[in-house]
>>> print(open('my_file_22.txt').read())   # compact mmCIF, C-alpha atoms
# COMPACT_ATOMS: atom_id res chain seq x y z
CA MET X 229 25.00 20.70 -6.52
CA ALA X 230 24.96 17.64 -4.28
CA ARG X 231 28.02 17.09 -2.12
CA ILE X 232 29.42 14.41 0.17
CA THR X 233 30.02 15.96 3.58
CA ALA X 234 31.07 13.03 5.71
CA SER X 235 31.62 9.29 5.81
CA VAL X 236 30.69 6.86 8.54
CA TYR X 237 32.16 3.40 9.08
CA THR X 238 30.71 0.77 11.34
CA SER X 239 30.36 -2.96 11.91
CA HIS X 240 26.84 -4.31 11.34
CA VAL X 241 26.66 -7.37 13.62
CA PRO X 242 23.13 -8.89 13.71
CA ALA X 243 23.29 -9.48 17.48
CA ILE X 244 23.66 -5.69 17.95
CA GLY X 245 20.29 -5.26 16.24
CA ALA X 246 18.78 -7.96 18.43
CA ALA X 247 20.19 -6.29 21.58
CA ILE X 248 18.59 -2.96 20.58
CA ASP X 249 15.28 -4.56 19.62
CA MET X 250 15.06 -6.53 22.86
CA GLY X 251 16.06 -3.63 25.13
CA LYS X 252 19.38 -5.15 26.24
CA THR X 253 21.65 -2.20 25.47
CA GLN X 254 22.35 -1.48 29.14
CA GLU X 255 23.27 -5.05 30.04
CA PRO X 256 26.93 -5.36 31.09
CA TYR X 257 27.81 -7.34 27.95
CA TRP X 258 26.36 -4.72 25.60
CA GLN X 259 26.82 -1.48 27.49
CA PRO X 260 30.42 -0.89 26.27
CA VAL X 261 29.36 -1.42 22.65
CA PHE X 262 26.55 1.12 22.77
CA ALA X 263 28.59 3.61 24.82
CA GLY X 264 30.81 3.88 21.76
CA TYR X 265 27.87 5.17 19.71
CA GLU X 266 26.52 7.78 22.15
CA TYR X 267 28.61 10.49 20.52
CA SER X 268 27.55 9.22 17.08
CA LYS X 269 23.84 9.56 17.81
CA GLU X 270 24.36 13.17 18.92
CA TRP X 271 26.53 13.81 15.88
CA MET X 272 23.79 12.40 13.65
CA LYS X 273 21.25 14.81 15.14
CA ASP X 274 23.57 17.76 14.54
CA ASN X 275 24.64 16.59 11.09
CA THR X 276 21.53 14.97 9.63
CA PRO X 277 22.13 14.66 5.89
CA ASP X 278 19.54 14.85 3.12
CA VAL X 279 20.51 11.38 1.91
CA ILE X 280 22.64 8.47 3.18
CA PHE X 281 24.41 6.38 0.55
CA LEU X 282 24.77 3.17 2.53
CA VAL X 283 27.25 0.54 1.40
CA PHE X 284 26.51 -2.86 2.90
CA ASN X 285 26.36 -6.51 2.01
CA ASP X 286 23.36 -8.72 1.72
CA HIS X 287 23.75 -11.89 3.81
CA ALA X 288 21.92 -14.39 1.59
CA THR X 289 18.70 -12.47 2.16
CA ALA X 290 17.64 -10.53 -0.94
CA PHE X 291 20.15 -12.33 -3.16
CA SER X 292 20.32 -16.12 -3.15
CA LEU X 293 22.59 -18.23 -5.35
CA ASP X 294 20.06 -17.72 -8.13
CA MET X 295 21.66 -14.33 -8.76
CA ILE X 296 24.65 -12.67 -7.13
CA PRO X 297 25.41 -9.13 -8.29
CA THR X 298 28.86 -7.84 -7.38
CA PHE X 299 27.56 -4.28 -7.01
CA ALA X 300 23.83 -3.51 -6.75
CA ILE X 301 22.32 -0.04 -6.31
CA GLY X 302 18.80 0.38 -4.96
CA THR X 303 16.73 2.84 -6.98
CA ALA X 304 13.40 2.06 -5.31
CA ALA X 305 11.21 4.46 -3.32
CA GLN X 306 11.03 2.13 -0.34
CA TYR X 307 12.67 -0.97 1.16
CA THR X 308 11.22 -3.37 3.70
CA PRO X 309 13.32 -4.76 6.57
CA ALA X 310 13.84 -8.45 5.81
CA ASP X 311 12.80 -11.56 7.71
CA GLU X 312 16.17 -13.30 8.00
CA GLY X 313 14.67 -16.30 9.73
CA TRP X 314 14.08 -14.76 13.17
CA GLY X 315 11.26 -12.47 11.91
CA PRO X 316 11.76 -8.93 10.56
CA ARG X 317 13.44 -6.36 12.83
CA PRO X 318 10.89 -3.92 14.33
CA VAL X 319 12.44 -0.91 12.61
CA PRO X 320 10.97 1.70 10.25
CA LEU X 321 10.62 1.18 6.52
CA VAL X 322 13.63 2.54 4.66
CA GLN X 323 12.74 5.37 2.31
CA GLY X 324 14.86 5.52 -0.84
CA HIS X 325 15.90 8.41 -3.03
CA PRO X 326 15.11 7.23 -6.55
CA ALA X 327 16.16 10.46 -8.30
CA LEU X 328 19.68 10.57 -6.85
CA ALA X 329 20.06 6.79 -6.98
CA SER X 330 19.22 6.55 -10.67
CA HIS X 331 21.50 9.50 -11.40
CA ILE X 332 24.37 7.78 -9.58
CA ALA X 333 23.62 4.50 -11.36
CA GLN X 334 23.85 6.11 -14.78
CA SER X 335 26.98 8.10 -13.96
CA VAL X 336 28.85 5.23 -12.31
CA ILE X 337 28.03 2.78 -15.11
CA GLN X 338 29.36 5.35 -17.58
CA GLN X 339 32.56 5.30 -15.52
CA ASP X 340 32.91 1.58 -16.31
CA PHE X 341 31.50 0.01 -13.14
CA ASP X 342 28.86 -2.56 -13.99
CA LEU X 343 26.18 -1.90 -11.39
CA THR X 344 23.05 -3.99 -11.11
CA ILE X 345 19.99 -1.79 -10.72
CA VAL X 346 17.55 -3.05 -8.12
CA ASN X 347 13.98 -1.83 -7.67
CA LYS X 348 12.76 -4.51 -5.31
CA MET X 349 14.92 -5.60 -2.38
CA ASP X 350 14.32 -6.37 1.27
CA VAL X 351 17.16 -5.01 3.37
CA ASP X 352 18.78 -7.12 6.06
CA HIS X 353 20.80 -6.37 9.21
CA GLY X 354 23.72 -5.21 7.07
CA LEU X 355 21.74 -2.05 6.35
CA THR X 356 19.42 -1.68 9.32
CA VAL X 357 21.92 -2.24 12.16
CA PRO X 358 24.11 0.74 11.14
CA LEU X 359 20.98 2.90 10.96
CA SER X 360 19.98 1.75 14.46
CA LEU X 361 23.45 2.41 15.86
CA MET X 362 23.59 5.92 14.42
CA CYS X 363 19.93 6.94 14.84
CA GLY X 364 18.63 4.95 17.81
CA GLN X 365 15.00 3.87 17.69
CA PRO X 366 13.08 6.63 15.88
CA VAL X 367 9.57 6.15 14.47
CA ALA X 368 11.03 7.02 11.06
CA TRP X 369 14.65 7.13 9.84
CA PRO X 370 15.84 10.74 9.67
CA CYS X 371 16.41 10.83 5.91
CA PRO X 372 16.20 8.77 2.71
CA VAL X 373 18.76 6.01 2.16
CA ILE X 374 20.26 4.65 -1.06
CA PRO X 375 21.18 1.00 -0.41
CA PHE X 376 24.31 -0.15 -2.21
CA ALA X 377 24.92 -3.89 -1.87
CA VAL X 378 28.35 -5.44 -2.44
CA ASN X 379 28.93 -9.16 -2.86
CA VAL X 380 31.27 -10.29 -0.10
CA VAL X 381 29.64 -13.72 0.28
CA GLN X 382 30.85 -15.59 -2.79
CA TYR X 383 34.48 -15.37 -3.81
CA PRO X 384 36.01 -13.65 -5.51
CA VAL X 385 34.63 -10.48 -3.98
CA PRO X 386 35.71 -7.14 -5.47
CA SER X 387 39.24 -6.09 -4.58
CA GLY X 388 40.01 -3.26 -2.21
CA GLN X 389 41.43 -1.28 -5.11
CA ARG X 390 38.26 -1.70 -7.14
CA CYS X 391 36.16 -0.64 -4.17
CA PHE X 392 38.33 2.42 -3.61
CA ASN X 393 38.05 3.38 -7.29
CA LEU X 394 34.30 2.85 -7.15
CA GLY X 395 34.14 5.32 -4.27
CA LYS X 396 35.83 7.91 -6.49
CA ALA X 397 33.27 7.27 -9.23
CA ILE X 398 30.42 7.68 -6.73
CA ALA X 399 31.89 11.00 -5.58
CA ARG X 400 31.95 12.27 -9.17
CA ALA X 401 28.39 11.06 -9.68
CA VAL X 402 27.11 12.84 -6.57
CA LYS X 403 28.88 16.06 -7.55
CA SER X 404 27.17 16.07 -10.93
CA PHE X 405 23.66 15.97 -9.42
CA ASP X 406 22.11 19.41 -9.75
CA GLU X 407 19.96 19.50 -6.64
CA ASP X 408 21.63 20.97 -3.56
CA LEU X 409 21.87 17.90 -1.32
CA ASN X 410 23.99 17.04 1.70
CA VAL X 411 25.02 13.40 1.23
CA GLN X 412 26.78 11.07 3.65
CA ILE X 413 28.39 7.85 2.52
CA TRP X 414 28.57 4.96 4.96
CA GLY X 415 30.78 1.89 4.70
CA THR X 416 29.69 -1.03 6.88
CA GLY X 417 30.73 -4.55 7.92
CA GLY X 418 33.83 -5.93 9.62
CA MET X 419 35.96 -5.70 11.56
CA SER X 420 37.88 -8.94 12.18
CA HIS X 421 35.63 -11.97 12.46
CA GLN X 422 35.22 -15.50 11.25
CA LEU X 423 31.90 -17.33 11.45
CA GLN X 424 32.85 -20.72 10.07
CA GLY X 425 34.95 -23.76 10.72
CA PRO X 426 37.35 -24.60 13.56
CA ARG X 427 38.85 -21.09 13.20
CA ALA X 428 35.51 -19.43 14.07
CA GLY X 429 35.88 -16.66 16.64
CA LEU X 430 39.11 -15.23 15.25
CA ILE X 431 39.76 -11.63 16.32
CA ASN X 432 42.82 -9.57 15.45
CA LYS X 433 42.92 -6.30 17.38
CA GLU X 434 46.29 -5.30 16.03
CA PHE X 435 45.18 -5.73 12.42
CA ASP X 436 41.94 -3.86 13.07
CA ASN X 437 43.60 -0.86 14.67
CA VAL X 438 46.22 -0.60 11.95
CA TYR X 439 43.34 -0.83 9.47
CA LEU X 440 41.61 2.13 11.15
CA ASP X 441 44.88 4.11 11.16
CA ARG X 442 45.49 3.47 7.49
CA LEU X 443 41.90 4.05 6.46
CA ILE X 444 42.25 7.53 7.93
CA ALA X 445 45.77 8.41 6.78
CA ASP X 446 46.73 6.10 3.92
CA PRO X 447 43.60 4.87 2.14
CA ALA X 448 45.26 4.58 -1.27
CA GLY X 449 47.93 2.33 0.18
CA LEU X 450 45.40 0.33 2.14
CA ALA X 451 43.38 -0.24 -1.03
CA GLN X 452 46.26 -2.32 -2.38
CA MET X 453 45.94 -4.94 0.34
CA PRO X 454 45.10 -8.28 -1.33
CA HIS X 455 42.12 -10.44 -0.29
CA ILE X 456 44.30 -13.09 1.25
CA ASP X 457 45.61 -10.65 3.86
CA TYR X 458 42.06 -9.96 5.04
CA VAL X 459 41.27 -13.68 5.23
CA ARG X 460 44.48 -14.69 6.96
CA GLU X 461 44.67 -11.77 9.39
CA ALA X 462 41.05 -10.73 9.97
CA GLY X 463 39.12 -13.96 9.38
CA SER X 464 37.10 -15.16 6.41
CA GLU X 465 34.26 -12.72 7.11
CA GLY X 466 36.69 -9.87 7.84
CA ILE X 467 36.74 -9.47 4.06
CA GLU X 468 33.67 -7.26 4.55
CA LEU X 469 36.14 -4.47 5.32
CA VAL X 470 36.70 -3.87 1.59
CA MET X 471 33.34 -2.07 1.68
CA TRP X 472 34.81 0.63 3.91
CA LEU X 473 37.13 1.55 1.04
CA ILE X 474 34.15 2.51 -1.13
CA ALA X 475 33.13 5.15 1.40
CA ARG X 476 36.71 6.29 1.94
CA GLY X 477 37.30 6.60 -1.82
CA ALA X 478 34.43 9.07 -2.03
CA MET X 479 36.00 11.61 0.35
CA SER X 480 37.27 14.98 -0.87
CA ASP X 481 40.95 14.52 0.03
CA VAL X 482 41.02 11.63 -2.43
CA ASN X 483 39.06 13.34 -5.17
CA GLU X 484 39.72 17.05 -4.94
CA GLY X 485 43.14 17.23 -3.36
CA ARG X 486 41.61 18.67 -0.21
CA ALA X 487 43.10 18.28 3.26
CA ALA X 488 42.72 14.97 5.10
CA PRO X 489 39.29 14.52 6.67
CA LYS X 490 38.63 15.42 10.28
CA VAL X 491 38.32 12.38 12.54
CA ALA X 492 35.15 13.30 14.42
CA HIS X 493 34.93 9.95 16.24
CA ARG X 494 36.80 6.67 16.58
CA PHE X 495 35.74 3.60 18.53
CA TYR X 496 36.81 -0.02 18.82
CA HIS X 497 35.52 -2.82 21.03
CA VAL X 498 35.73 -6.62 21.30
CA PRO X 499 33.40 -8.48 21.19
CA ALA X 500 29.89 -8.21 19.86
CA SER X 501 28.88 -11.83 19.49
CA ASN X 502 31.59 -13.23 17.15
CA THR X 503 32.90 -9.90 15.93
CA ALA X 504 35.19 -6.94 16.61
CA VAL X 505 33.27 -3.68 16.43
CA GLY X 506 34.98 -0.76 14.71
CA HIS X 507 33.57 2.67 14.05
CA LEU X 508 34.78 5.94 12.53
CA ILE X 509 33.20 9.23 11.55
CA LEU X 510 35.23 11.27 9.07
CA GLU X 511 34.18 14.78 8.02
CA ASN X 512 35.25 16.40 4.80
CA THR X 513 37.22 19.58 5.42
CA MET H 209 45.98 -23.54 -16.17
CA ALA H 210 45.05 -23.73 -12.51
CA LEU H 211 43.27 -20.84 -10.83
CA ASP H 212 45.11 -18.88 -8.16
CA LYS H 213 43.65 -19.90 -4.79
CA PRO H 214 46.02 -18.51 -2.17
CA TYR H 215 43.46 -19.15 0.60
CA LEU H 216 43.77 -22.95 0.59
CA ASP H 217 46.51 -22.90 3.24
CA VAL H 218 44.47 -21.08 5.90
CA PRO H 219 43.65 -23.59 8.68
CA GLY H 220 40.08 -24.32 9.76
CA THR H 221 38.68 -22.21 6.95
CA THR H 222 36.75 -22.96 3.75
CA ILE H 223 36.47 -20.09 1.32
CA PHE H 224 33.13 -20.09 -0.48
CA ASP H 225 34.49 -19.69 -3.97
CA ALA H 226 32.82 -20.39 -7.29
CA GLU H 227 33.67 -24.10 -7.06
CA GLN H 228 32.16 -24.48 -3.57
CA SER H 229 29.16 -22.46 -4.70
CA ARG H 230 28.59 -24.79 -7.63
CA LYS H 231 28.72 -27.83 -5.34
CA GLY H 232 26.44 -26.22 -2.80
CA TYR H 233 23.76 -24.69 -4.99
CA GLY H 234 20.96 -27.09 -4.00
CA LEU H 235 21.96 -27.14 -0.33
CA ASN H 236 22.14 -23.37 -0.07
CA GLN H 237 18.86 -22.86 -1.92
CA PHE H 238 17.19 -25.30 0.47
CA CYS H 239 18.48 -23.07 3.27
CA MET H 240 17.05 -19.97 1.57
CA SER H 241 13.64 -21.62 1.47
CA LEU H 242 13.62 -21.60 5.29
CA MET H 243 13.15 -17.84 5.26
CA LYS H 244 9.44 -18.52 4.70
CA PRO H 245 7.52 -19.54 7.87
CA GLU H 246 5.42 -22.12 6.01
CA ASN H 247 8.58 -23.84 4.76
CA ARG H 248 10.11 -23.83 8.24
CA ALA H 249 6.96 -25.56 9.50
CA ARG H 250 7.03 -28.18 6.73
CA PHE H 251 10.74 -28.85 7.31
CA LYS H 252 10.24 -29.28 11.04
CA ALA H 253 7.28 -31.61 10.50
CA ASP H 254 9.32 -34.05 8.37
CA GLU H 255 12.91 -33.04 7.75
CA ARG H 256 13.87 -35.90 5.47
CA ALA H 257 10.78 -35.54 3.28
CA TYR H 258 11.36 -31.82 2.92
CA LEU H 259 15.04 -32.34 2.04
CA ASP H 260 14.05 -34.88 -0.60
CA GLU H 261 12.29 -32.10 -2.50
CA TRP H 262 15.65 -30.46 -3.19
CA ALA H 263 18.39 -31.30 -5.67
CA MET H 264 20.90 -32.19 -2.98
CA THR H 265 23.31 -35.10 -2.61
CA ASP H 266 22.53 -37.67 0.03
CA GLU H 267 25.65 -36.56 1.90
CA GLN H 268 24.37 -32.98 2.01
CA LYS H 269 21.05 -34.19 3.42
CA GLN H 270 22.87 -36.27 6.04
CA ALA H 271 24.97 -33.25 7.00
CA VAL H 272 21.83 -31.14 7.48
CA LEU H 273 20.04 -33.83 9.47
CA ALA H 274 23.12 -34.13 11.71
CA ARG H 275 23.26 -30.31 12.06
CA ASP H 276 26.99 -30.67 11.43
CA LEU H 277 27.85 -27.28 9.99
CA ASN H 278 31.45 -28.19 9.21
CA TRP H 279 30.17 -31.12 7.17
CA CYS H 280 27.62 -28.87 5.46
CA ILE H 281 30.41 -26.44 4.55
CA ARG H 282 32.62 -29.22 3.16
CA THR H 283 29.81 -30.20 0.82
CA GLY H 284 29.32 -26.65 -0.48
CA GLY H 285 27.32 -24.87 2.20
CA ASN H 286 27.94 -21.26 3.08
CA ILE H 287 27.47 -19.98 6.60
CA TYR H 288 25.11 -17.14 5.67
CA PHE H 289 22.80 -19.68 4.03
CA LEU H 290 23.29 -22.32 6.73
CA ALA H 291 22.32 -19.69 9.29
CA LYS H 292 18.71 -20.13 8.12
CA ILE H 293 18.80 -23.68 9.53
CA GLY H 294 20.06 -22.29 12.83
CA ALA H 295 17.31 -19.69 12.84
CA THR H 296 14.76 -22.44 12.24
CA ASP H 297 16.19 -24.27 15.26
CA GLY H 298 16.16 -21.08 17.34
CA LYS H 299 19.96 -20.81 17.49
CA SER H 300 21.94 -17.58 17.58
CA PHE H 301 24.84 -16.90 15.24
CA GLN H 302 27.21 -17.32 18.17
CA GLN H 303 25.80 -20.76 18.93
CA MET H 304 26.19 -21.75 15.29
CA ALA H 305 29.76 -20.46 15.03
CA GLY H 306 30.71 -22.11 18.29
CA SER H 307 29.26 -25.45 17.20
CA MET H 308 31.95 -25.71 14.52
CA THR H 309 34.79 -25.57 17.03
CA GLY H 310 33.77 -28.43 19.32
CA MET H 311 33.70 -26.01 22.26
CA THR H 312 30.70 -25.77 24.51
CA GLU H 313 28.51 -22.72 24.09
CA ASP H 314 29.80 -21.27 27.38
CA ALA H 315 33.44 -21.92 26.53
CA TYR H 316 33.10 -20.29 23.11
CA ARG H 317 31.33 -17.28 24.56
CA ALA H 318 34.04 -16.95 27.22
CA MET H 319 36.71 -17.06 24.51
CA MET H 320 34.99 -14.19 22.69
CA VAL H 321 34.59 -12.10 25.85
CA ALA H 322 38.29 -12.64 26.55
CA GLY H 323 39.16 -11.11 23.18
CA GLY H 324 38.47 -13.87 20.70
CA ARG H 325 40.63 -16.51 19.07
CA SER H 326 44.21 -15.44 18.51
CA VAL H 327 45.63 -15.36 15.01
CA GLN H 328 48.94 -16.65 16.38
CA GLY H 329 49.58 -20.12 15.00
CA ASN H 330 46.38 -19.90 12.97
CA ARG H 331 47.59 -18.11 9.85
CA TYR H 332 48.97 -21.09 7.90
CA ILE H 333 48.26 -24.81 7.88
CA GLY H 334 51.11 -26.55 9.68
CA GLU H 335 51.47 -24.08 12.55
CA ASP H 336 50.34 -25.02 16.05
CA GLY H 337 47.35 -22.76 16.77
CA ASP H 338 44.07 -24.00 18.20
CA ALA H 339 42.30 -23.94 14.79
CA GLN H 340 44.74 -26.45 13.27
CA ALA H 341 43.42 -29.85 12.20
CA HIS H 342 45.54 -31.79 14.72
CA ARG H 343 43.94 -29.85 17.58
CA GLN H 344 40.29 -30.61 16.75
CA PRO H 345 37.85 -30.78 18.31
CA GLN H 346 38.56 -28.00 20.77
CA GLY H 347 37.57 -27.55 24.38
CA GLN H 348 36.13 -30.35 26.49
CA ALA H 349 35.15 -32.28 23.37
CA GLY H 350 38.85 -32.63 22.55
CA LYS H 351 39.64 -33.98 26.00
CA ALA H 352 36.96 -36.66 26.04
>>> encode(input="my_file_22.txt", output="structure tokens")
Amino acid sequence: MARITASVYTSHVPAIGAAIDMGKTQEPYWQPVFAGYEYSKEWMKDNTPDVIFLVFNDHATAFSLDMIPTFAIGTAAQYTPADEGWGPRPVPLVQGHPALASHIAQSVIQQDFDLTIVNKMDVDHGLTVPLSLMCGQPVAWPCPVIPFAVNVVQYPVPSGQRCFNLGKAIARAVKSFDEDLNVQIWGTGGMSHQLQGPRAGLINKEFDNVYLDRLIADPAGLAQMPHIDYVREAGSEGIELVMWLIARGAMSDVNEGRAAPKVAHRFYHVPASNTAVGHLILENT
Amino acid sequence: MALDKPYLDVPGTTIFDAEQSRKGYGLNQFCMSLMKPENRARFKADERAYLDEWAMTDEQKQAVLARDLNWCIRTGGNIYFLAKIGATDGKSFQQMAGSMTGMTEDAYRAMMVAGGRSVQGNRYIGEDGDAQAHRQPQGQAGKA
């Protein structure tokens, strides 16, 4: 039986990827950001899963306005890092896990979530930056990845409650897969940031830290937060944080009445480019 | 019956909803085309001619030619699409975001290093924060 053992949450700022790719991680501006992931890289080596289910958003890369799926699951064998306009990141190809991905797709659709099934998709910084932060610069990523793209570009994006419920459905789907697999679920994006208009550059440390507290201890309550609170308090692009609720909804305290997850790591830093960086590792007990 | 749009009273912010997306379809798809190197080269060789190949309003074309991202957004652009123009010009996301505030690149970067823009006074239109309409443009541009 496959099981979800841990969840990881992290911002996925493109400039972080550029800093890694250009060897700038020890520069004074970037050093504090990467220091926050030193523990995480060690943790990843000690807790390498068989598969990562990686929730992210596409930033007008694979999906244009021709088609915008609200939830899209990658069932392909392989994904190429995208050229987002600056050239593709020099990172390994992403290997998929078609058997588990198609199983999850079928199970989650039967639980009334209308997933779009994707067999061809280039993956942008939303997916590759979290992998770089957690795994460094390996010649190959340590395990297969199932990309799960959420629309947070065009409003209305899915609500926090719907994301949280989707996480529960994913947990049930993973549990019903016969092969004995250790699966991690990652929620990415955020934290507070706004990239547009005269309000660009908004950061709200108080909101972000309360968000981290509640994600750990009160995820069901946090899931009820309406969109407008994210926009007003955390900036128009802070809405990405709803994706963290998908990962949190898949944890065993939510689904099996188990004890609260162990907080293996927590980190917060301002800024990375325009964005507040938040990061958590939660282990199922 | 009107749709519920509770985000219209957030200052300095345009939410890319279905209505904006409808207005900006041609503009945003033009931006997407810049992900291909050959299209970037054609655009740079003759911007106006390249823009004329797209189903865009003249105002949208003017906004792109002026590299006025706030204007692009008003006419239906979305920042993740508009970022392809910035990439074509060799601009970082921070340079693009900063350009919409009126601040210089250095001043915007310094604001971020100091902890970013405060939400105080910037939650609702009518307050007195630095993102409010009556305080634009910001930085030195506002003092000129």
>>> interface_residues(input="my_file_22.txt", of="chain H", to="chain X", cutoff="8 Å", atoms="all atoms listed in the file", output="ChimeraX atom specification")
/H:214-215,218-226,229,233,236-237,240,242-244,277-278,287-289,292,295-296,298,301-302,305-306,308-310,316-317,319-321,323-327,330-332,338-340,344-345
>>> write_last_selection(input="my_file_22.txt", atoms="C-alpha atoms", output="CSV table (one decimal), keeping the file's coordinate frame")
chain,number,residue,atom,x,y,z
H,214,PRO,CA,46.0,-18.5,-2.2
H,215,TYR,CA,43.5,-19.2,0.6
H,218,VAL,CA,44.5,-21.1,5.9
H,219,PRO,CA,43.6,-23.6,8.7
H,220,GLY,CA,40.1,-24.3,9.8
H,221,THR,CA,38.7,-22.2,7.0
H,222,THR,CA,36.8,-23.0,3.8
H,223,ILE,CA,36.5,-20.1,1.3
H,224,PHE,CA,33.1,-20.1,-0.5
H,225,ASP,CA,34.5,-19.7,-4.0
H,226,ALA,CA,32.8,-20.4,-7.3
H,229,SER,CA,29.2,-22.5,-4.7
H,233,TYR,CA,23.8,-24.7,-5.0
H,236,ASN,CA,22.1,-23.4,-0.1
H,237,GLN,CA,18.9,-22.9,-1.9
H,240,MET,CA,17.0,-20.0,1.6
H,242,LEU,CA,13.6,-21.6,5.3
H,243,MET,CA,13.2,-17.8,5.3
H,244,LYS,CA,9.4,-18.5,4.7
H,277,LEU,CA,27.8,-27.3,10.0
H,278,ASN,CA,31.4,-28.2,9.2
H,287,ILE,CA,27.5,-20.0,6.6
H,288,TYR,CA,25.1,-17.1,5.7
H,289,PHE,CA,22.8,-19.7,4.0
H,292,LYS,CA,18.7,-20.1,8.1
H,295,ALA,CA,17.3,-19.7,12.8
H,296,THR,CA,14.8,-22.4,12.2
H,298,GLY,CA,16.2,-21.1,17.3
H,301,PHE,CA,24.8,-16.9,15.2
H,302,GLN,CA,27.2,-17.3,18.2
H,305,ALA,CA,29.8,-20.5,15.0
H,306,GLY,CA,30.7,-22.1,18.3
H,308,MET,CA,32.0,-25.7,14.5
H,309,THR,CA,34.8,-25.6,17.0
H,310,GLY,CA,33.8,-28.4,19.3
H,316,TYR,CA,33.1,-20.3,23.1
H,317,ARG,CA,31.3,-17.3,24.6
H,319,MET,CA,36.7,-17.1,24.5
H,320,MET,CA,35.0,-14.2,22.7
H,321,VAL,CA,34.6,-12.1,25.8
H,323,GLY,CA,39.2,-11.1,23.2
H,324,GLY,CA,38.5,-13.9,20.7
H,325,ARG,CA,40.6,-16.5,19.1
H,326,SER,CA,44.2,-15.4,18.5
H,327,VAL,CA,45.6,-15.4,15.0
H,330,ASN,CA,46.4,-19.9,13.0
H,331,ARG,CA,47.6,-18.1,9.8
H,332,TYR,CA,49.0,-21.1,7.9
H,338,ASP,CA,44.1,-24.0,18.2
H,339,ALA,CA,42.3,-23.9,14.8
H,340,GLN,CA,44.7,-26.4,13.3
H,344,GLN,CA,40.3,-30.6,16.8
H,345,PRO,CA,37.8,-30.8,18.3
>>> residues_around(input="my_file_22.txt", residues="X:Thr513", least_positions_apart="3", cutoff="7 Å", atoms="only C-alpha atoms", output="PyMOL selection string")
chain X and resi 487+489-490
>>> closest_residue(input="my_file_22.txt", among="H:Asp314, H:Asp297, H:Pro245, H:Cys280", to="X:Pro316", atoms="only C-alpha atoms")
H:Pro245
>>> atom_distance(input="my_file_22.txt", atom1="atom CA of X:Val482", atom2="atom CA of X:Ser235")
12.7 Å
>>> atom_distance(input="my_file_22.txt", atom1="atom CA of X:Thr308", atom2="atom CA of X:Cys363")
17.5 Å
>>> closest_residue(input="my_file_22.txt", among="X:Leu328, X:Pro309, X:Phe284, X:Val402", to="X:Leu469", atoms="all atoms listed in the file")
X:Phe284
>>> atom_distance(input="my_file_22.txt", atom1="atom CA of X:Pro320", atom2="atom CA of X:Gly245")
13.1 Å
>>> residues_around(input="my_file_22.txt", residues="X:Asn410", least_positions_apart="6", cutoff="7 Å", atoms="only C-alpha atoms", output="list in words")
Ala230, Arg231, Ile232, Thr233, Pro277, Asp278 and Val279 of chain X
>>> closest_residue(input="my_file_22.txt", among="X:Leu443, X:Met272, X:Gln389, X:Ala300", to="X:Pro370", atoms="all atoms listed in the file")
X:Met272
>>> build_atoms(input="my_file_22.txt", residues="stretch 317-327 of chain H", atoms="N, CA and C atoms", output="PDB file, in the frame of the given file")
ATOM      1  N   ARG H 317      31.710 -18.650  24.172  1.00  0.00           N
ATOM      2  CA  ARG H 317      31.330 -17.280  24.560  1.00  0.00           C
ATOM      3  C   ARG H 317      32.426 -16.652  25.435  1.00  0.00           C
ATOM      4  N   ALA H 318      32.972 -17.462  26.342  1.00  0.00           N
ATOM      5  CA  ALA H 318      34.040 -16.950  27.220  1.00  0.00           C
ATOM      6  C   ALA H 318      35.273 -16.574  26.401  1.00  0.00           C
ATOM      7  N   MET H 319      35.566 -17.382  25.376  1.00  0.00           N
ATOM      8  CA  MET H 319      36.710 -17.060  24.510  1.00  0.00           C
ATOM      9  C   MET H 319      36.493 -15.699  23.832  1.00  0.00           C
ATOM     10  N   MET H 320      35.282 -15.455  23.365  1.00  0.00           N
ATOM     11  CA  MET H 320      34.990 -14.190  22.690  1.00  0.00           C
ATOM     12  C   MET H 320      35.091 -13.011  23.660  1.00  0.00           C
ATOM     13  N   VAL H 321      34.540 -13.193  24.859  1.00  0.00           N
ATOM     14  CA  VAL H 321      34.590 -12.100  25.850  1.00  0.00           C
ATOM     15  C   VAL H 321      36.038 -11.803  26.234  1.00  0.00           C
ATOM     16  N   ALA H 322      36.876 -12.830  26.202  1.00  0.00           N
ATOM     17  CA  ALA H 322      38.290 -12.640  26.550  1.00  0.00           C
ATOM     18  C   ALA H 322      39.096 -12.075  25.388  1.00  0.00           C
ATOM     19  N   GLY H 323      38.441 -11.731  24.292  1.00  0.00           N
ATOM     20  CA  GLY H 323      39.160 -11.110  23.180  1.00  0.00           C
ATOM     21  C   GLY H 323      39.194 -11.918  21.904  1.00  0.00           C
ATOM     22  N   GLY H 324      38.567 -13.085  21.927  1.00  0.00           N
ATOM     23  CA  GLY H 324      38.470 -13.870  20.700  1.00  0.00           C
ATOM     24  C   GLY H 324      39.636 -14.824  20.506  1.00  0.00           C
ATOM     25  N   ARG H 325      39.573 -15.555  19.409  1.00  0.00           N
ATOM     26  CA  ARG H 325      40.630 -16.510  19.070  1.00  0.00           C
ATOM     27  C   ARG H 325      41.844 -15.753  18.530  1.00  0.00           C
ATOM     28  N   SER H 326      42.993 -16.103  18.999  1.00  0.00           N
ATOM     29  CA  SER H 326      44.210 -15.440  18.510  1.00  0.00           C
ATOM     30  C   SER H 326      44.565 -15.914  17.113  1.00  0.00           C
ATOM     31  N   VAL H 327      45.153 -15.004  16.346  1.00  0.00           N
ATOM     32  CA  VAL H 327      45.630 -15.360  15.010  1.00  0.00           C
ATOM     33  C   VAL H 327      46.972 -16.086  15.078  1.00  0.00           C
TER      34      VAL H 327
END
